[in-house]
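Trainee: Take this structure first; my questions come after.
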Amino acid sequence: MRKTIVFTLILTAFFFIIAQEKPEKKDSETKIEELAEETWHLVLRELKRSDLLFEKKMNLLMDFSEKVPKISKFNVEAEYFLKNINNSPERLTHLLNKEKYMTKTEWFAASFVGGNYGLGFSLSFFTVRWSNFFWEVIRIQFTMLMPLDTHSITGKTMIGIAAFFGYANQDELRVSIGLSGGMAEHRILTMDKDDDSNEVFEMLFIPFEVSYVHHLKLNFAIQTGITFDFPIFSMSSSQTYIPNISAFVGFRI
């Protein structure tokens with residue numbers, strides 16, 4: 001309660017300063033914009049408080065929008081908030097997380113995987129993210145197709161680009177490529193009675209992946225996509241080129 005009173009006093013003082021300034025003076029306009037920026041940061045800090053009622057947060061936004069000059073870029077930002085919140089606390093939270101949806105480090109991810117090497121899972125650790133670029137440091141994937149004794153286990157590192165869309169950057173398209181190593185054995189049934197399978201052992205791959213990510217919360221997102229692991233070093237009894245193709249669905253935190 002005390003913090004709210006102090007903030008209200010600061011906001012009132014700012015409004016008083018604006019009322020005393022002469023907007024035709026360039027230095028006064030600069031000063032007003034600087035004060036608007038400082039006050040907007042205070043508003044954002046109050047909006048992030050979990051102990052402040054949503055109605056009071058809306059009042060702060062409306063007061064700021066009404067009193068700060070319309071030409072201020074911070075007034076434009078406040079108007080954007082008011083226009084898109086739609087009286088929803090959840091939508092306000094997403095707007096406040098807008099930048100972090102693009103840059104927050106993802107410490108862990110897990111997904112269910114299925115493809116031409118069978119069914120399995122993947123685990124990912126430490127995805128470092130920038131605005132439109134990311135590095136997935138470590139990922140381990142295992143799949144197996146029991147009837148043919150086909151299986152694959154690989155460790156990989158991936159770099160990629162990200163494009164954001166939708167409300168408050170909640171939706172994300174990721175495209176990545178990298179390097180992976182491990183072992184994949186693929187058996188193909190044949191009509192030859194003397195040899196009922198052809199074996200392909202693959203040990204070094206170039207993975208390529210396209211995926212869609214939806215950020216439900218700041219620390220939780222769901223992901224689905226498709227991965228192609230192209231072998232660049234393999235040993236085969238049939239010289240058959242068999243990329244590991246798999247789809248996946250999972251979560252990231």
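Labels for the structure tokens follow display order: chains A, B, ..., residues from 1 in each chain, ligands from 1.
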With a distance cut-off of 7 Å and only C-alpha atoms, select the neighbouring residues of Gly118 (chain A), excluding the residue or stretch itself and same-chain residues fewer than 4 positions from it, and output the selection as a short mmCIF file (atom, residue, chain, number, x, y, z; two decimals) with N, CA and C atoms, in the first residue's frame.
Mentor:
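The result, stored in result-v5.cif:
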```cif
data_model
loop_
_atom_site.label_atom_id
_atom_site.label_comp_id
_atom_site.auth_asym_id
_atom_site.auth_seq_id
_atom_site.Cartn_x
_atom_site.Cartn_y
_atom_site.Cartn_z
N GLY A 114 8.61 -39.39 -33.02
CA GLY A 114 8.24 -40.53 -33.83
C GLY A 114 8.66 -40.32 -35.28
N THR A 143 15.44 -43.04 -30.42
CA THR A 143 14.25 -43.66 -31.01
C THR A 143 14.55 -45.12 -31.32
N MET A 144 13.47 -45.94 -31.34
CA MET A 144 13.64 -47.37 -31.62
C MET A 144 12.40 -47.93 -32.28
N LEU A 145 12.62 -48.80 -33.29
CA LEU A 145 11.55 -49.52 -33.96
C LEU A 145 11.79 -51.00 -33.72
N HIS A 151 17.13 -48.50 -34.63
CA HIS A 151 17.22 -47.56 -33.52
C HIS A 151 18.21 -46.45 -33.85
#
```
Trainee: Taking only residues of region 68-131 of chain A that have an atom at most 10 Å from an atom of region 220-232 of chain A, what is each one's shortest atom pair and its distance in Å to one decimal, using only C-alpha atoms, in chain and number order, as JSON lines?
Mentor:
```
{"residue": "A:Tyr101", "atom": "CA", "partner": "A:Ala221", "partner_atom": "CA", "distance": 9.5}
{"residue": "A:Glu106", "atom": "CA", "partner": "A:Phe220", "partner_atom": "CA", "distance": 9.0}
{"residue": "A:Ala109", "atom": "CA", "partner": "A:Gln223", "partner_atom": "CA", "distance": 9.2}
{"residue": "A:Ala110", "atom": "CA", "partner": "A:Gln223", "partner_atom": "CA", "distance": 9.4}
{"residue": "A:Ser111", "atom": "CA", "partner": "A:Gln223", "partner_atom": "CA", "distance": 8.2}
{"residue": "A:Phe112", "atom": "CA", "partner": "A:Thr224", "partner_atom": "CA", "distance": 9.5}
{"residue": "A:Val113", "atom": "CA", "partner": "A:Ile226", "partner_atom": "CA", "distance": 9.3}
{"residue": "A:Gly114", "atom": "CA", "partner": "A:Ile226", "partner_atom": "CA", "distance": 9.6}
{"residue": "A:Gly115", "atom": "CA", "partner": "A:Thr227", "partner_atom": "CA", "distance": 9.3}
```
Trainee: Using only C-alpha atoms, can you tell me which of A:Ser50, A:Leu60, A:Lys70, A:Leu96 comes closest to Asn84 (chain A)?
Mentor: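 Selected residue with least distance to Asn84 (chain A): A:Leu96.
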Trainee: Separation of CA of Thr127 (chain A) and CA of Ile206 (chain A), in Å?
Mentor: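 Calculated distance between CA of Thr127 (chain A) and CA of Ile206 (chain A) is 18.5 Å.
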Trainee: Using DSSP assignments from the backbone, pull out every residue in region 36-230 of chain A that falls under strand (DSSP E) and give it to me as a ChimeraX atom specification.
Mentor: /A:106-115,118-129,133-145,150-165,171-189,197-217,220-230
Trainee: Contacts of Thr103 (chain A) at 12 Å or less, counting only C-alpha atoms, minus same-chain residues fewer than 4 places along, as a PDB file with C-alpha atoms, in the first residue's frame?
Mentor:
```
ATOM      1  CA  ASN A  97       6.473 -10.603 -20.991  1.00  0.00           C
ATOM      2  CA  LYS A  98       6.664  -9.604 -24.660  1.00  0.00           C
ATOM      3  CA  GLU A  99      10.427  -9.028 -24.760  1.00  0.00           C
ATOM      4  CA  THR A 127      18.917 -22.971 -25.194  1.00  0.00           C
ATOM      5  CA  VAL A 128      20.454 -19.491 -25.206  1.00  0.00           C
ATOM      6  CA  ARG A 129      18.252 -16.969 -27.012  1.00  0.00           C
ATOM      7  CA  TRP A 130      18.593 -13.511 -28.488  1.00  0.00           C
ATOM      8  CA  SER A 131      15.926 -11.464 -30.286  1.00  0.00           C
ATOM      9  CA  ASN A 132      15.984 -13.484 -33.529  1.00  0.00           C
ATOM     10  CA  PHE A 133      18.766 -15.991 -32.957  1.00  0.00           C
ATOM     11  CA  PHE A 134      19.236 -18.965 -30.643  1.00  0.00           C
ATOM     12  CA  TRP A 135      21.716 -21.695 -29.764  1.00  0.00           C
ATOM     13  CA  ALA A 162      13.403 -17.285 -34.879  1.00  0.00           C
ATOM     14  CA  PHE A 164       7.801 -14.017 -33.848  1.00  0.00           C
ATOM     15  CA  ASN A 169       5.272 -12.518 -29.397  1.00  0.00           C
ATOM     16  CA  GLU A 172       7.335 -18.351 -32.734  1.00  0.00           C
ATOM     17  CA  LEU A 218       6.978 -16.846 -19.184  1.00  0.00           C
ATOM     18  CA  ASN A 219       8.518 -20.147 -18.069  1.00  0.00           C
TER      19      ASN A 219
END
```
Trainee: One decimal, Å: what's the distance from CA of His215 (chain A) over to CA of Ser180 (chain A), could you say?
Mentor: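 Interatomic distance here is 27.0 Å.
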Trainee: Taking the DSSP assignment computed from this structure's backbone, write out as JSON, numbers by chain all residues of region 47-85 of chain A that belong to alpha helix (DSSP H).
Mentor: {"A": [47, 54, 55, 56, 57, 58, 59, 60, 61, 62, 63, 64, 65, 66, 67, 73, 74, 75, 76, 77, 78, 79, 80, 81, 82, 83, 84, 85]}
Trainee: Could you pull the residues within 12 Å of Ser122 (chain A), counting only C-alpha atoms, minus those fewer than 2 positions along the same chain, as number ranges by chain?
Mentor: A: 108-114, 119-120, 124-125, 138-143, 152-156, 227, 246-252
Trainee: For C-alpha atoms, I'd like the residues from the last selection saved as a PDB file, in the first residue's frame.
Mentor:
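This is the output file out27.pdb:
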```pdb
ATOM      1  CA  PHE A 108      15.249 -27.651 -20.298  1.00  0.00           C
ATOM      2  CA  ALA A 109      12.989 -29.162 -22.952  1.00  0.00           C
ATOM      3  CA  ALA A 110      11.499 -32.609 -23.502  1.00  0.00           C
ATOM      4  CA  SER A 111       9.470 -34.078 -26.341  1.00  0.00           C
ATOM      5  CA  PHE A 112       7.927 -37.263 -27.682  1.00  0.00           C
ATOM      6  CA  VAL A 113       9.462 -38.268 -31.029  1.00  0.00           C
ATOM      7  CA  GLY A 114       8.240 -40.526 -33.833  1.00  0.00           C
ATOM      8  CA  LEU A 119       9.360 -43.964 -31.393  1.00  0.00           C
ATOM      9  CA  GLY A 120      11.269 -42.324 -28.593  1.00  0.00           C
ATOM     10  CA  SER A 124      17.366 -30.596 -24.458  1.00  0.00           C
ATOM     11  CA  PHE A 125      19.505 -28.501 -22.117  1.00  0.00           C
ATOM     12  CA  ILE A 138      22.806 -29.837 -26.005  1.00  0.00           C
ATOM     13  CA  ARG A 139      20.085 -32.174 -27.205  1.00  0.00           C
ATOM     14  CA  ILE A 140      19.927 -35.947 -26.805  1.00  0.00           C
ATOM     15  CA  GLN A 141      17.477 -37.995 -28.900  1.00  0.00           C
ATOM     16  CA  PHE A 142      16.662 -41.700 -28.803  1.00  0.00           C
ATOM     17  CA  THR A 143      14.245 -43.661 -31.012  1.00  0.00           C
ATOM     18  CA  SER A 152      18.983 -44.217 -33.271  1.00  0.00           C
ATOM     19  CA  ILE A 153      20.687 -42.364 -30.431  1.00  0.00           C
ATOM     20  CA  THR A 154      22.330 -39.020 -31.101  1.00  0.00           C
ATOM     21  CA  GLY A 155      23.645 -35.957 -29.335  1.00  0.00           C
ATOM     22  CA  LYS A 156      23.460 -32.665 -31.175  1.00  0.00           C
ATOM     23  CA  THR A 227      13.584 -32.839 -37.880  1.00  0.00           C
ATOM     24  CA  SER A 246      11.053 -37.523 -37.229  1.00  0.00           C
ATOM     25  CA  ALA A 247       8.212 -35.378 -35.929  1.00  0.00           C
ATOM     26  CA  PHE A 248       7.977 -34.304 -32.313  1.00  0.00           C
ATOM     27  CA  VAL A 249       5.780 -32.573 -29.759  1.00  0.00           C
ATOM     28  CA  GLY A 250       6.815 -31.441 -26.305  1.00  0.00           C
ATOM     29  CA  PHE A 251       7.427 -28.549 -23.923  1.00  0.00           C
ATOM     30  CA  ARG A 252      10.144 -26.038 -23.072  1.00  0.00           C
TER      31      ARG A 252
END
```
Trainee: In Å, rounded to a single decimal, give me how far CA of Asn116 (chain A) is from CA of Ile245 (chain A).
Mentor: 6.0 Å
Trainee: Lys217 (chain A): which residues within 10 Å, counting only C-alpha atoms, same-chain residues fewer than 6 positions away excluded, as number ranges by chain?
Mentor: A: 90, 93-94, 97, 101, 170, 253
Trainee: So that I can see what lies close to Thr157 (chain A), please list as a list of chain:residue names the residues with an atom at most 6 Å from it, counting only C-alpha atoms and leaving out residues fewer than 5 positions away in the same chain.
Mentor: A:Glu136, A:Val137, A:Ile138, A:Gly178, A:Leu179
Trainee: Which one of A:His41, A:Phe54, A:Phe121, A:Glu33 sits closest to Lys73 (chain A) if you count only C-alpha atoms?
Mentor: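 Ranking A:His41, A:Phe54, A:Phe121, A:Glu33 by distance to Lys73 (chain A), first place goes to A:Glu33.
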Trainee: Could you check the closest approach to Ser234 (chain A) for each of A:Asp51, A:His214, A:Glu209, A:Met203 and tell me which residue wins, using only C-alpha atoms?
Mentor: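 Checking each candidate against Ser234 (chain A), we get A:Met203 as the closest.
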Trainee: Can you pull out the residues contacting region 81-83 of chain A? Cut-off 10 Å, using only C-alpha atoms, and skip same-chain residues under 6 positions away; I want them as a PDB file with N, CA and C atoms, in the first residue's frame.
Mentor:
```pdb
ATOM      1  N   MET A  58      -5.039  -0.774 -14.383  1.00  0.00           N
ATOM      2  CA  MET A  58      -5.712  -0.137 -15.506  1.00  0.00           C
ATOM      3  C   MET A  58      -5.833   1.367 -15.272  1.00  0.00           C
ATOM      4  N   LEU A  61      -2.574   3.090 -16.069  1.00  0.00           N
ATOM      5  CA  LEU A  61      -2.381   3.205 -17.513  1.00  0.00           C
ATOM      6  C   LEU A  61      -3.224   4.345 -18.091  1.00  0.00           C
ATOM      7  N   MET A  62      -4.470   4.426 -17.660  1.00  0.00           N
ATOM      8  CA  MET A  62      -5.354   5.466 -18.185  1.00  0.00           C
ATOM      9  C   MET A  62      -4.896   6.857 -17.746  1.00  0.00           C
ATOM     10  N   SER A  65      -1.876   7.759 -19.851  1.00  0.00           N
ATOM     11  CA  SER A  65      -2.270   8.058 -21.228  1.00  0.00           C
ATOM     12  C   SER A  65      -2.949   9.423 -21.345  1.00  0.00           C
ATOM     13  N   ASN A  75       3.454   7.606 -24.544  1.00  0.00           N
ATOM     14  CA  ASN A  75       1.994   7.663 -24.593  1.00  0.00           C
ATOM     15  C   ASN A  75       1.474   6.667 -25.616  1.00  0.00           C
ATOM     16  N   ARG A  91      -3.880 -11.100 -20.598  1.00  0.00           N
ATOM     17  CA  ARG A  91      -3.326 -10.400 -21.750  1.00  0.00           C
ATOM     18  C   ARG A  91      -2.329  -9.320 -21.318  1.00  0.00           C
ATOM     19  N   LEU A  92      -2.586  -8.697 -20.176  1.00  0.00           N
ATOM     20  CA  LEU A  92      -1.634  -7.733 -19.644  1.00  0.00           C
ATOM     21  C   LEU A  92      -0.323  -8.429 -19.307  1.00  0.00           C
ATOM     22  N   LEU A  95       1.680  -9.082 -22.408  1.00  0.00           N
ATOM     23  CA  LEU A  95       2.311  -7.870 -22.921  1.00  0.00           C
ATOM     24  C   LEU A  95       3.565  -7.512 -22.121  1.00  0.00           C
ATOM     25  N   LEU A  96       3.500  -7.673 -20.820  1.00  0.00           N
ATOM     26  CA  LEU A  96       4.654  -7.388 -19.976  1.00  0.00           C
ATOM     27  C   LEU A  96       5.799  -8.368 -20.230  1.00  0.00           C
TER      28      LEU A  96
END
```
